[in-house]
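Asks: This one is data-v5.cif, mmCIF, C-alpha atoms and all ligand atoms.
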```
data_coords
#
loop_
_atom_site.label_atom_id
_atom_site.label_comp_id
_atom_site.auth_asym_id
_atom_site.auth_seq_id
_atom_site.Cartn_x
_atom_site.Cartn_y
_atom_site.Cartn_z
CA MET W 926 137.65 -81.62 -45.89
CA SER W 927 140.71 -83.72 -46.60
CA SER W 928 141.51 -85.15 -49.98
CA ILE W 929 142.32 -88.58 -48.61
CA ASN W 930 140.08 -90.97 -50.46
CA ASN W 931 140.21 -93.65 -53.14
CA SER W 932 139.63 -91.26 -55.99
CA GLY W 933 142.72 -89.16 -55.40
CA PHE W 934 140.60 -86.04 -55.98
CA ASN W 935 139.21 -83.55 -53.54
CA THR W 936 136.08 -84.52 -51.70
CA ILE W 937 132.90 -83.19 -53.30
CA PRO W 938 130.78 -81.77 -50.49
CA VAL W 939 127.03 -82.34 -50.49
CA LEU W 940 126.75 -78.55 -50.73
CA ASP W 941 129.59 -76.10 -51.35
CA LEU W 942 128.74 -72.58 -50.22
CA LYS W 943 132.08 -71.04 -51.13
CA PRO W 944 131.48 -70.52 -54.88
CA GLU W 945 128.09 -68.94 -54.14
CA VAL W 946 129.64 -66.47 -51.74
CA ARG W 947 132.47 -65.79 -54.20
CA HIS W 948 129.92 -65.09 -56.92
CA MET W 949 128.20 -62.39 -54.82
CA ARG W 950 131.15 -61.18 -52.74
CA HIS W 951 131.40 -57.62 -54.05
CA GLU W 952 127.74 -56.92 -53.50
CA LEU W 953 127.81 -58.65 -50.11
CA LYS W 954 130.73 -56.52 -48.98
CA GLN W 955 128.97 -53.40 -50.18
CA ALA W 956 125.81 -54.35 -48.31
CA CYS W 957 127.75 -54.96 -45.09
CA HIS W 958 129.69 -51.76 -45.54
CA HIS W 959 126.46 -49.81 -45.86
CA VAL W 960 125.15 -51.23 -42.57
CA MET W 961 128.47 -50.42 -40.86
CA GLU W 962 127.99 -46.84 -41.97
CA HIS W 963 124.50 -46.35 -40.54
CA ALA W 964 125.18 -48.76 -37.64
CA ARG W 965 121.53 -49.60 -37.00
CA PHE W 966 122.29 -53.24 -36.34
CA VAL W 967 118.91 -54.19 -34.92
CA MET W 968 115.79 -53.43 -36.96
CA GLY W 969 117.70 -51.21 -39.37
CA PRO W 970 116.07 -50.19 -42.67
CA GLU W 971 117.36 -53.29 -44.50
CA VAL W 972 115.03 -55.53 -42.48
CA GLU W 973 111.93 -53.78 -43.80
CA GLU W 974 113.44 -53.59 -47.27
CA LEU W 975 114.02 -57.34 -47.29
CA GLU W 976 110.51 -57.97 -45.96
CA ALA W 977 109.08 -55.87 -48.79
CA LEU W 978 111.22 -57.72 -51.32
CA VAL W 979 110.10 -61.14 -50.08
CA ALA W 980 106.44 -60.11 -49.81
CA GLY W 981 106.61 -58.76 -53.36
CA CYS W 982 108.27 -61.84 -54.76
CA MET W 983 105.73 -64.14 -53.05
CA ASP W 984 102.85 -61.78 -53.88
CA VAL W 985 101.60 -61.67 -50.28
CA ARG W 986 100.58 -58.74 -48.08
CA HIS W 987 103.11 -59.27 -45.27
CA ALA W 988 106.55 -60.67 -44.55
CA VAL W 989 108.02 -60.62 -41.05
CA GLY W 990 111.73 -61.30 -40.55
CA VAL W 991 112.73 -63.41 -37.56
CA ASN W 992 115.76 -65.09 -36.08
CA SER W 993 115.46 -68.58 -37.60
CA GLY W 994 113.19 -70.95 -39.45
CA THR W 995 112.32 -72.58 -36.14
CA ASP W 996 111.16 -69.23 -34.76
CA ALA W 997 109.27 -68.51 -37.98
CA LEU W 998 107.26 -71.67 -37.32
CA LEU W 999 106.85 -71.10 -33.60
CA ILE W 1000 105.82 -67.47 -34.00
CA SER W 1001 103.43 -68.24 -36.89
CA LEU W 1002 101.78 -70.95 -34.82
CA ARG W 1003 101.43 -68.70 -31.80
CA ALA W 1004 100.24 -65.79 -33.95
CA ALA W 1005 97.57 -68.12 -35.32
CA GLY W 1006 96.42 -68.84 -31.77
CA ILE W 1007 97.79 -72.39 -31.44
CA GLY W 1008 98.60 -73.38 -27.87
CA GLU W 1009 97.96 -75.70 -24.96
CA GLY W 1010 95.30 -78.34 -25.50
CA ASP W 1011 95.60 -78.20 -29.29
CA GLU W 1012 96.83 -80.95 -31.57
CA VAL W 1013 98.84 -80.08 -34.66
CA ILE W 1014 99.28 -82.66 -37.39
CA THR W 1015 102.61 -82.71 -39.16
CA THR W 1016 104.83 -85.13 -41.04
CA THR W 1017 107.10 -87.42 -39.07
CA PHE W 1018 109.71 -87.14 -41.83
CA THR W 1019 111.05 -83.68 -41.08
CA SER W 1020 113.59 -81.78 -39.06
CA PHE W 1021 112.92 -81.98 -35.33
CA ALA W 1022 112.62 -78.19 -35.56
CA THR W 1023 109.12 -78.63 -36.99
CA ALA W 1024 107.94 -80.74 -34.06
CA GLU W 1025 109.86 -78.61 -31.60
CA ALA W 1026 108.11 -75.43 -32.72
CA ILE W 1027 104.74 -77.13 -32.20
CA GLU W 1028 105.86 -78.37 -28.76
CA MET W 1029 107.01 -74.89 -27.74
CA THR W 1030 103.52 -73.46 -28.26
CA GLY W 1031 102.21 -75.95 -25.71
CA ALA W 1032 100.36 -77.91 -28.39
CA ARG W 1033 100.92 -81.59 -29.12
CA PRO W 1034 102.43 -82.68 -32.42
CA VAL W 1035 100.58 -85.56 -34.03
CA PHE W 1036 102.72 -87.30 -36.60
CA ALA W 1037 101.39 -88.45 -39.95
CA ASP W 1038 103.04 -90.91 -42.30
CA ILE W 1039 104.42 -89.96 -45.71
CA SER W 1040 104.01 -90.85 -49.35
CA PRO W 1041 106.74 -93.28 -50.49
CA LYS W 1042 106.96 -91.36 -53.80
CA ASP W 1043 108.33 -88.07 -52.56
CA CYS W 1044 108.57 -88.48 -48.76
CA ASN W 1045 106.08 -85.63 -48.30
CA ILE W 1046 103.18 -85.85 -45.85
CA ASP W 1047 100.40 -88.19 -46.98
CA PRO W 1048 97.04 -86.34 -47.05
CA ASP W 1049 95.13 -89.55 -46.27
CA ALA W 1050 97.24 -89.97 -43.14
CA VAL W 1051 96.50 -86.35 -42.21
CA GLU W 1052 92.76 -86.90 -42.51
CA ALA W 1053 92.96 -90.12 -40.48
CA ALA W 1054 94.81 -88.32 -37.66
CA ILE W 1055 92.16 -85.62 -37.14
CA THR W 1056 90.49 -85.57 -33.69
CA PRO W 1057 88.24 -82.99 -31.98
CA GLN W 1058 91.44 -81.43 -30.55
CA THR W 1059 93.07 -80.92 -33.94
CA LYS W 1060 93.60 -77.24 -34.62
CA ALA W 1061 96.19 -77.07 -37.38
CA ILE W 1062 98.17 -78.88 -40.05
CA VAL W 1063 101.86 -78.15 -40.68
CA PRO W 1064 102.84 -79.60 -44.05
CA VAL W 1065 106.56 -79.54 -44.84
CA HIS W 1066 107.70 -79.06 -48.44
CA LEU W 1067 110.49 -81.59 -48.15
CA TYR W 1068 113.68 -81.42 -50.22
CA GLY W 1069 112.27 -78.38 -52.07
CA LYS W 1070 109.18 -80.11 -53.44
CA SER W 1071 105.71 -78.85 -52.62
CA ALA W 1072 103.54 -81.13 -50.53
CA ASP W 1073 100.16 -82.10 -52.01
CA MET W 1074 98.58 -78.73 -51.23
CA PRO W 1075 95.30 -79.19 -53.14
CA ARG W 1076 94.38 -82.17 -50.97
CA ILE W 1077 95.76 -80.67 -47.78
CA MET W 1078 93.82 -77.41 -48.24
CA GLU W 1079 90.70 -79.37 -49.11
CA ILE W 1080 91.01 -81.38 -45.88
CA ALA W 1081 91.79 -78.25 -43.85
CA GLU W 1082 88.74 -76.42 -45.20
CA LYS W 1083 86.47 -79.42 -44.66
CA HIS W 1084 87.53 -79.74 -41.00
CA ASP W 1085 88.06 -76.04 -40.34
CA LEU W 1086 91.78 -76.35 -39.59
CA ILE W 1087 94.56 -73.79 -39.80
CA VAL W 1088 97.45 -74.52 -42.19
CA ILE W 1089 100.96 -73.23 -41.44
CA GLU W 1090 103.46 -74.28 -44.11
CA ASP W 1091 107.01 -75.25 -43.22
CA CYS W 1092 108.88 -73.81 -46.21
CA ALA W 1093 112.38 -74.09 -44.72
CA GLN W 1094 113.49 -76.11 -47.76
CA SER W 1095 111.25 -74.62 -50.41
CA PHE W 1096 111.94 -70.91 -51.03
CA GLY W 1097 110.68 -70.29 -54.56
CA ALA W 1098 109.12 -73.73 -54.99
CA ALA W 1099 105.66 -74.04 -56.53
CA TRP W 1100 103.01 -76.71 -56.58
CA HIS W 1101 102.70 -78.47 -59.92
CA ASP W 1102 100.32 -81.15 -60.96
CA HIS W 1103 101.86 -84.46 -61.89
CA GLY W 1104 98.69 -85.34 -63.74
CA SER W 1105 96.37 -88.11 -62.70
CA LYS W 1106 98.66 -90.90 -63.89
CA SER W 1107 100.56 -90.94 -60.62
CA GLY W 1108 97.25 -91.25 -58.81
CA GLN W 1109 98.78 -89.27 -55.98
CA GLN W 1110 96.64 -86.21 -56.34
CA ALA W 1111 93.55 -88.00 -57.50
CA GLY W 1112 91.59 -86.98 -54.39
CA ALA W 1113 91.69 -83.24 -54.93
CA HIS W 1114 89.05 -81.47 -56.91
CA PRO W 1115 90.25 -80.80 -60.47
CA GLU W 1116 89.26 -77.14 -60.29
CA ARG W 1117 91.39 -76.64 -57.23
CA ARG W 1118 94.33 -78.39 -58.87
CA GLU W 1119 93.94 -76.12 -61.86
CA ALA W 1120 93.78 -73.02 -59.64
CA TYR W 1121 96.83 -74.06 -57.60
CA ARG W 1122 99.12 -74.88 -60.51
CA GLY W 1123 102.30 -72.80 -60.28
CA ARG W 1124 101.37 -71.29 -56.92
CA LEU W 1125 104.31 -70.74 -54.57
CA THR W 1126 104.74 -72.69 -51.35
CA GLY W 1127 103.97 -70.58 -48.32
CA THR W 1128 100.99 -68.89 -49.98
CA PHE W 1129 98.39 -71.63 -49.50
CA GLY W 1130 97.98 -71.65 -45.74
CA LEU W 1131 97.41 -68.93 -43.16
CA ALA W 1132 101.19 -68.44 -43.03
CA GLY W 1133 104.40 -69.79 -44.50
CA ALA W 1134 107.62 -70.15 -42.49
CA PHE W 1135 110.99 -69.86 -44.23
CA SER W 1136 114.53 -70.48 -43.02
CA PHE W 1137 117.67 -68.70 -44.12
CA PHE W 1138 119.95 -71.23 -42.45
CA PRO W 1139 123.07 -71.29 -44.66
CA SER W 1140 122.51 -74.80 -46.04
CA LYS W 1141 118.96 -74.07 -47.24
CA ASN W 1142 118.31 -73.25 -50.87
CA MET W 1143 117.71 -69.61 -49.83
CA GLY W 1144 120.49 -69.76 -47.28
CA GLY W 1145 121.90 -66.67 -45.65
CA PHE W 1146 125.06 -66.02 -43.74
CA GLY W 1147 124.01 -67.19 -40.32
CA ASP W 1148 120.64 -67.90 -38.72
CA GLY W 1149 117.53 -66.18 -40.00
CA GLY W 1150 113.94 -66.78 -40.97
CA MET W 1151 110.83 -65.15 -42.43
CA ILE W 1152 107.08 -65.49 -42.02
CA ILE W 1153 104.78 -64.65 -44.91
CA THR W 1154 101.02 -64.18 -44.65
CA ASN W 1155 98.07 -62.40 -46.22
CA ASP W 1156 96.40 -62.07 -42.82
CA ASP W 1157 96.82 -58.61 -41.23
CA GLN W 1158 96.13 -59.96 -37.75
CA VAL W 1159 98.68 -62.78 -37.99
CA ALA W 1160 101.30 -60.36 -39.34
CA ALA W 1161 100.71 -57.91 -36.50
CA GLN W 1162 100.86 -60.69 -33.89
CA ALA W 1163 104.04 -62.10 -35.41
CA ALA W 1164 105.71 -58.67 -35.43
CA MET W 1165 104.73 -58.24 -31.79
CA LEU W 1166 105.94 -61.69 -30.72
CA ARG W 1167 109.37 -61.31 -32.31
CA MET W 1168 109.86 -58.13 -30.26
CA HIS W 1169 109.28 -59.39 -26.71
CA GLY W 1170 105.52 -59.30 -27.15
CA ALA W 1171 105.46 -55.53 -27.58
CA ARG W 1172 103.88 -53.58 -30.42
CA LYS W 1173 105.25 -50.46 -28.78
CA LYS W 1174 108.35 -50.27 -26.61
CA TYR W 1175 107.55 -50.66 -22.89
CA HIS W 1176 104.05 -51.86 -23.74
CA ASN W 1177 104.64 -55.62 -23.55
CA GLU W 1178 101.36 -57.49 -23.94
CA VAL W 1179 102.48 -61.14 -23.74
CA PRO W 1180 105.77 -62.97 -23.23
CA GLY W 1181 107.25 -63.13 -26.70
CA TYR W 1182 110.77 -63.64 -27.98
CA ASN W 1183 113.93 -61.82 -28.84
CA SER W 1184 113.68 -63.01 -32.42
CA ARG W 1185 114.51 -60.21 -34.78
CA LEU W 1186 116.34 -60.70 -38.03
CA ASP W 1187 119.69 -58.89 -37.83
CA THR W 1188 120.14 -55.88 -40.10
CA LEU W 1189 123.43 -57.27 -41.43
CA GLN W 1190 121.75 -60.55 -42.25
CA ALA W 1191 118.89 -58.74 -43.98
CA SER W 1192 121.29 -56.61 -46.00
CA MET W 1193 123.13 -59.68 -47.30
CA LEU W 1194 119.90 -61.55 -47.95
CA GLN W 1195 118.78 -58.63 -50.13
CA VAL W 1196 121.76 -59.45 -52.34
CA LYS W 1197 120.86 -63.15 -52.37
CA MET W 1198 117.31 -62.24 -53.39
CA LYS W 1199 118.71 -61.09 -56.74
CA TYR W 1200 120.19 -64.51 -57.36
CA PHE W 1201 117.98 -67.13 -55.71
CA SER W 1202 115.81 -67.67 -58.76
CA ALA W 1203 118.81 -68.27 -61.02
CA PHE W 1204 120.34 -70.49 -58.32
CA ASN W 1205 117.11 -72.52 -58.10
CA SER W 1206 117.18 -72.95 -61.89
CA ARG W 1207 120.74 -74.20 -61.75
CA ARG W 1208 119.83 -76.67 -59.02
CA ARG W 1209 117.02 -77.87 -61.27
CA SER W 1210 119.42 -78.38 -64.18
CA VAL W 1211 121.76 -80.39 -61.98
CA ALA W 1212 118.82 -82.50 -60.79
CA LEU W 1213 117.55 -83.12 -64.32
CA ARG W 1214 120.99 -84.27 -65.34
CA TYR W 1215 121.14 -86.71 -62.43
CA ILE W 1216 117.75 -88.07 -63.40
CA ASP W 1217 118.78 -88.40 -67.03
CA GLU W 1218 122.00 -90.20 -66.23
CA LEU W 1219 120.64 -92.50 -63.52
CA ARG W 1220 117.13 -93.33 -64.73
CA ASP W 1221 118.12 -96.73 -66.18
CA ILE W 1222 119.21 -98.07 -62.79
CA GLY W 1223 116.46 -100.32 -61.50
CA SER W 1224 117.56 -100.47 -57.88
CA ILE W 1225 116.93 -96.79 -57.13
CA GLN W 1226 113.89 -94.53 -57.10
CA LEU W 1227 114.48 -91.01 -58.41
CA PRO W 1228 112.34 -87.87 -58.01
CA GLU W 1229 109.29 -87.97 -60.28
CA LEU W 1230 109.20 -85.93 -63.47
CA PRO W 1231 108.05 -83.57 -64.76
CA ASP W 1232 108.17 -81.25 -61.79
CA ASP W 1233 108.68 -77.64 -62.75
CA GLY W 1234 107.99 -76.44 -59.22
CA HIS W 1235 110.69 -78.45 -57.44
CA VAL W 1236 113.69 -76.38 -56.35
CA TYR W 1237 115.83 -79.36 -55.28
CA HIS W 1238 117.00 -78.05 -51.95
CA GLN W 1239 118.29 -81.62 -51.89
CA PHE W 1240 118.58 -84.25 -54.57
CA THR W 1241 117.37 -87.32 -52.74
CA LEU W 1242 117.01 -90.79 -54.16
CA GLN W 1243 115.87 -94.00 -52.52
CA LEU W 1244 117.97 -97.14 -52.62
CA LEU W 1245 115.44 -99.93 -53.08
CA GLU W 1246 117.86 -102.85 -52.67
CA GLY W 1247 120.96 -103.21 -50.54
CA ASP W 1248 122.33 -101.31 -47.60
CA ARG W 1249 122.15 -97.52 -47.90
CA ASP W 1250 124.89 -96.97 -45.33
CA ILE W 1251 127.36 -99.19 -47.23
CA PHE W 1252 126.48 -97.29 -50.43
CA ALA W 1253 127.15 -94.00 -48.61
CA GLU W 1254 130.43 -95.37 -47.27
CA TYR W 1255 131.47 -96.37 -50.79
CA LEU W 1256 130.72 -92.89 -52.12
CA LYS W 1257 132.65 -91.37 -49.24
CA CYS W 1258 135.67 -93.48 -50.20
CA GLU W 1259 135.28 -92.16 -53.74
CA GLY W 1260 135.44 -88.64 -52.34
CA ILE W 1261 131.72 -87.94 -52.51
CA GLN W 1262 129.90 -86.62 -49.50
CA THR W 1263 126.24 -87.52 -49.11
CA ALA W 1264 123.53 -86.75 -46.56
CA VAL W 1265 120.63 -88.62 -45.03
CA CYS W 1266 117.50 -86.66 -44.26
CA TYR W 1267 116.27 -88.09 -42.03
CA PRO W 1268 117.86 -91.13 -40.41
CA VAL W 1269 115.28 -91.00 -37.59
CA PRO W 1270 111.68 -89.95 -38.23
CA CYS W 1271 110.38 -87.62 -35.51
CA HIS W 1272 108.05 -90.20 -33.98
CA GLN W 1273 111.04 -92.48 -33.26
CA LEU W 1274 113.08 -89.84 -31.44
CA PRO W 1275 113.88 -90.50 -27.76
CA LEU W 1276 111.45 -87.71 -26.83
CA TYR W 1277 108.53 -89.80 -28.08
CA LYS W 1278 109.72 -93.23 -26.94
CA ASP W 1279 106.72 -93.66 -24.63
CA GLU W 1280 104.20 -92.94 -27.39
CA PRO W 1281 103.01 -95.90 -29.46
CA TRP W 1282 103.51 -94.46 -32.91
CA SER W 1283 103.76 -96.77 -35.88
CA LEU W 1284 104.31 -95.09 -39.23
CA PRO W 1285 105.53 -97.85 -41.56
CA VAL W 1286 106.31 -95.84 -44.70
CA ALA W 1287 108.61 -93.42 -42.89
CA GLU W 1288 110.18 -96.28 -40.96
CA ARG W 1289 111.00 -98.03 -44.24
CA VAL W 1290 112.08 -94.97 -46.21
CA LYS W 1291 114.45 -93.67 -43.52
CA ASP W 1292 116.85 -96.51 -44.40
CA ARG W 1293 116.56 -95.87 -48.14
CA VAL W 1294 117.02 -92.14 -48.64
CA ILE W 1295 120.35 -90.63 -49.63
CA SER W 1296 121.03 -87.12 -50.91
CA LEU W 1297 123.70 -86.54 -53.55
CA PRO W 1298 125.76 -83.35 -53.90
CA ILE W 1299 123.77 -80.52 -55.45
CA GLY W 1300 124.04 -76.75 -55.62
CA PRO W 1301 124.00 -73.90 -58.11
CA PHE W 1302 127.75 -74.20 -58.59
CA LEU W 1303 128.26 -77.96 -58.73
CA SER W 1304 130.57 -78.31 -61.73
CA GLU W 1305 129.84 -80.66 -64.59
CA ASN W 1306 133.11 -82.45 -63.80
CA ASP W 1307 132.20 -83.04 -60.19
CA GLN W 1308 128.72 -84.18 -61.15
CA ASP W 1309 130.27 -86.59 -63.67
CA ARG W 1310 132.32 -88.05 -60.84
CA VAL W 1311 129.22 -88.50 -58.68
CA ILE W 1312 127.28 -90.10 -61.53
CA ALA W 1313 130.16 -92.44 -62.39
CA ALA W 1314 130.61 -93.55 -58.79
CA VAL W 1315 126.87 -94.17 -58.31
CA ARG W 1316 126.67 -96.13 -61.56
CA GLU W 1317 129.77 -98.13 -60.78
CA TYR W 1318 128.51 -99.12 -57.35
CA LEU W 1319 124.99 -99.97 -58.42
CA LEU W 1320 125.75 -101.61 -61.78
CA ASP W 1321 129.32 -102.90 -61.78
CA VAL W 1322 129.37 -104.03 -58.22
CA GLN W 1323 133.05 -103.34 -57.70
CA LYS W 1324 132.15 -102.57 -54.14
CA GLU W 1325 135.52 -102.48 -52.50
CA LEU W 1326 135.50 -100.12 -49.61
CA CYS W 1327 138.60 -98.19 -48.67
C1 LIG W 1401 116.02 -76.23 -41.34
C2 LIG W 1401 114.62 -76.58 -41.08
C3 LIG W 1401 113.88 -75.96 -40.06
C4 LIG W 1401 114.50 -75.01 -39.08
O1 LIG W 1401 115.09 -73.88 -39.63
P1 LIG W 1401 116.24 -73.13 -38.81
O2 LIG W 1401 116.44 -71.87 -39.56
O3 LIG W 1401 117.44 -74.00 -38.80
O4 LIG W 1401 115.72 -72.88 -37.44
C5 LIG W 1401 112.55 -76.29 -39.94
N1 LIG W 1401 111.97 -77.18 -40.75
C6 LIG W 1401 112.65 -77.80 -41.74
C7 LIG W 1401 111.93 -78.76 -42.63
C8 LIG W 1401 114.00 -77.53 -41.94
O5 LIG W 1401 114.67 -78.16 -42.91
#
```
Give the structure from the file, written as C-alpha cells.

Replies:
Amino acid sequence: MSSINNSGFNTIPVLDLKPEVRHMRHELKQACHHVMEHARFVMGPEVEELEALVAGCMDVRHAVGVNSGTDALLISLRAAGIGEGDEVITTTFTSFATAEAIEMTGARPVFADISPKDCNIDPDAVEAAITPQTKAIVPVHLYGKSADMPRIMEIAEKHDLIVIEDCAQSFGAAWHDHGSKSGQQAGAHPERREAYRGRLTGTFGLAGAFSFFPSKNMGGFGDGGMIITNDDQVAAQAAMLRMHGARKKYHNEVPGYNSRLDTLQASMLQVKMKYFSAFNSRRRSVALRYIDELRDIGSIQLPELPDDGHVYHQFTLQLLEGDRDIFAEYLKCEGIQTAVCYPVPCHQLPLYKDEPWSLPVAERVKDRVISLPIGPFLSENDQDRVIAAVREYLLDVQKELC
C-alpha cells in the first residue's frame, strides 16, 4: 500500500505475509522443486504426508485434505449425514462461509447469538434454538479463541446432536478454563472442564474443519483446507466426497466435489507445519503486549486473560464508546490498517432479509469490534506505533482526521 498518510511512515498492514514467506523461502522453494521433479500435481505423496503430519499434531486418527475451509465444512457436514430437512445451529458472528456450507448441504442454518465477552457462540442461545429438526451444532472458534466447548459438548450430548467445529481461525488453539470468576463457563460440569483443559480445537466434535487461506493463522499459499476426525466412517466419506463421490475411480457413488488439496500446496504447508507453533507463540506475545499497554483505557474491552489456548488469529478489541468507523479512519490516517470481523452478522445478510431474526448482542458488537495489526513478524517498532496511535486517539483526543 502507499505511504501517504499523516505519520509519514509506511502503512502497517493488519497482517503482513511477506516476512513469513521470506523466513521460510529456502524450504518452500525446495518443497516446490521436489514436486516439480515428481510432477504428481494432484494427490501426490505430499498430500498424504501432510495429512499424517496434521493428524499426528492434533492426535486424531484421520486428516483429509481438501480445497478450502469452506469445503472442509461442507464435506464434514455431508460426511456426517447432514442434509435436507435438518437444522444446524451456528453463530451469527462468523464468515458467511460457515452458513454457506450449511446451506449447500440442503440443511437450514439457525443462527445463535454470541457472548459479548469474546464474540463466540453463546451456549445458552444454542440450547434455546434447539428444535426437533436440529441435527448439528457448528461452533466457530472466532479470532483464534476456543468456543465454550465444555458447555457445547454437554448440550450436544444431552440432545443427541452432532458437533462439527469450524476451526478456520484456530489451528493450534486449545480450550482453557478462565476459572469460575468470569461466570461464563459456570454451566459446564467441573469434571468435564478439567478433562478438556488444554485440548485442541477440532478434537471435541465429530469433525473439525480447518482453512489454509493465506490470511489464516495457519495460512498457506493459496486456497486449501483440512478435515480432522477420529471417526473412520466420516473420514472415509470425506475422502470419497472430495474425489467426485468415488472411493475407487469410475465407481462414483454419490455426486461429490472436485475438492482435493493440491500437491504443491501440501508440500508448502508441510514446511509451514514446522513453524506454525512458533508463529502462534509470537502472535500470543504480540497480543499480550497489546493487552499490557492498553489495559488502562476504560473505553475499550480487550481479550480476557489469562488465555493460554488463544492463538490470536486476530487481535480484536471492542470500542465501548464512540464511533468505531471514525476510530478506524483515524488509525488509517496514522498509517495503521485495521479490520472489522464482522461488519454484518450472518442473520442480517440480504440472503436472510425475509427471516425475522433478532440477535441483539451480535447486532451491538458488530459496530464495536476492530482488529489491530498482528502477526508473527510484527516488529516492536510497528507495534509501538499502533499502541501510540490507539492511546493518542482514545486518551488525548487529538482526533484530527487527515
Ligand atoms: C475463512 C473462514 C472460512 C472459510 O475458509 P476458506 O478457506 O476461505 O474457504 C470458514 N469459516 C471461518 C470462520 C473463516 O474465518

Asks: Could you please extract the residues within 6 Å of ligand LIG 1401 (chain W), counting only C-alpha atoms and all ligand atoms, and hand them back as a PyMOL selection string?

Replies: chain W and resi 993-995+1019-1020+1022-1023+1065+1091+1093-1094+1136-1138+1148-1150

Asks: At most 9 Å is the cut-off: for each residue in segment 1028-1136 of chain W with any atom that close to an atom of segment 1202-1209 of chain W, write down the nearest atom pair and the distance in Å rounded to one decimal, counting all atoms listed in the file, chain first then increasing number, as a Markdown table.

Replies:
```
| residue | atom | partner | partner_atom | distance |
| --- | --- | --- | --- | --- |
| W:Phe1096 | CA | W:Asn1205 | CA | 8.9 |
| W:Gly1097 | CA | W:Ser1202 | CA | 7.1 |
| W:Ala1098 | CA | W:Asn1205 | CA | 8.7 |
```

Asks: I want to know what sits within 6 Å of segment 999-1011 of chain W, based on all atoms listed in the file, with residues of the same chain fewer than 5 positions away left out; could you give that as a compact mmCIF listing (two decimals) with C-alpha atoms, keeping the file's coordinate frame?

Replies:
```
# COMPACT_ATOMS: atom_id res chain seq x y z
CA ALA W 1026 108.11 -75.43 -32.72
CA THR W 1030 103.52 -73.46 -28.26
CA GLY W 1031 102.21 -75.95 -25.71
CA ALA W 1032 100.36 -77.91 -28.39
CA GLN W 1058 91.44 -81.43 -30.55
CA THR W 1059 93.07 -80.92 -33.94
CA LYS W 1060 93.60 -77.24 -34.62
CA VAL W 1159 98.68 -62.78 -37.99
CA GLN W 1162 100.86 -60.69 -33.89
CA ALA W 1163 104.04 -62.10 -35.41
```

Asks: So the first atom is atom CA of Asn1177 of chain W and the second is atom CA of Asp1157 of chain W; what is the distance between them in Å, to one decimal place?

Replies: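 So the answer is 19.6 Å.
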
Asks: Rank nothing, just name the residue among W:Asp1073, W:Glu1052, W:Glu1259, W:Glu1288 nearest to Thr1017 of chain W, using only C-alpha atoms.

Replies: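 Counting only C-alpha atoms, the residue closest to Thr1017 of chain W is W:Glu1288.
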
Asks: So which one's closest to Gly969 of chain W, W:Asn1045, W:Ser1071, W:Asn935, W:Gln1190? Using all atoms listed in the file, please.

Replies: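 Under the stated criterion, the closest residue is W:Gln1190.
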
Asks: Please indicate the distance in Å from atom CA of Pro1298 of chain W to atom CA of Asp1043 of chain W, rounded to one decimal place.

Replies: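 Answer for the atom CA of Pro1298 of chain W to atom CA of Asp1043 of chain W separation: 18.1 Å.
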
Asks: So that each row is one residue of segment 1168-1268 of chain W with an atom at most 8 Å from segment 1140-1145 of chain W, can you give its shortest atom pair and the distance in Å to one decimal, using all atoms listed in the file, rows by chain and rising number, as a Markdown table?

Replies:
```
| residue | atom | partner | partner_atom | distance |
| --- | --- | --- | --- | --- |
| W:Gln1190 | CA | W:Gly1145 | CA | 7.0 |
| W:Met1193 | CA | W:Gly1145 | CA | 7.3 |
| W:Leu1194 | CA | W:Gly1145 | CA | 6.0 |
| W:Lys1197 | CA | W:Met1143 | CA | 7.6 |
| W:Phe1201 | CA | W:Met1143 | CA | 6.4 |
| W:Asn1205 | CA | W:Asn1142 | CA | 7.4 |
| W:Val1236 | CA | W:Asn1142 | CA | 7.8 |
| W:Tyr1237 | CA | W:Asn1142 | CA | 7.9 |
| W:His1238 | CA | W:Asn1142 | CA | 5.1 |
```

Asks: Find the spatial neighbours of Ala1134 of chain W, counting all atoms listed in the file, within a cut-off of 7 Å - ignore same-chain residues fewer than 3 positions away - and output them as a list of chain:residue names.

Replies: W:Gly994, W:Ala997, W:Leu998, W:Glu1090, W:Asp1091, W:Cys1092, W:Ala1093, W:Gly1127, W:Met1151, W:Ile1152, W:Ile1153

Asks: Quick one, how far is atom CA of Pro1275 of chain W from atom CA of Thr1016 of chain W?

Replies: 16.9 Å
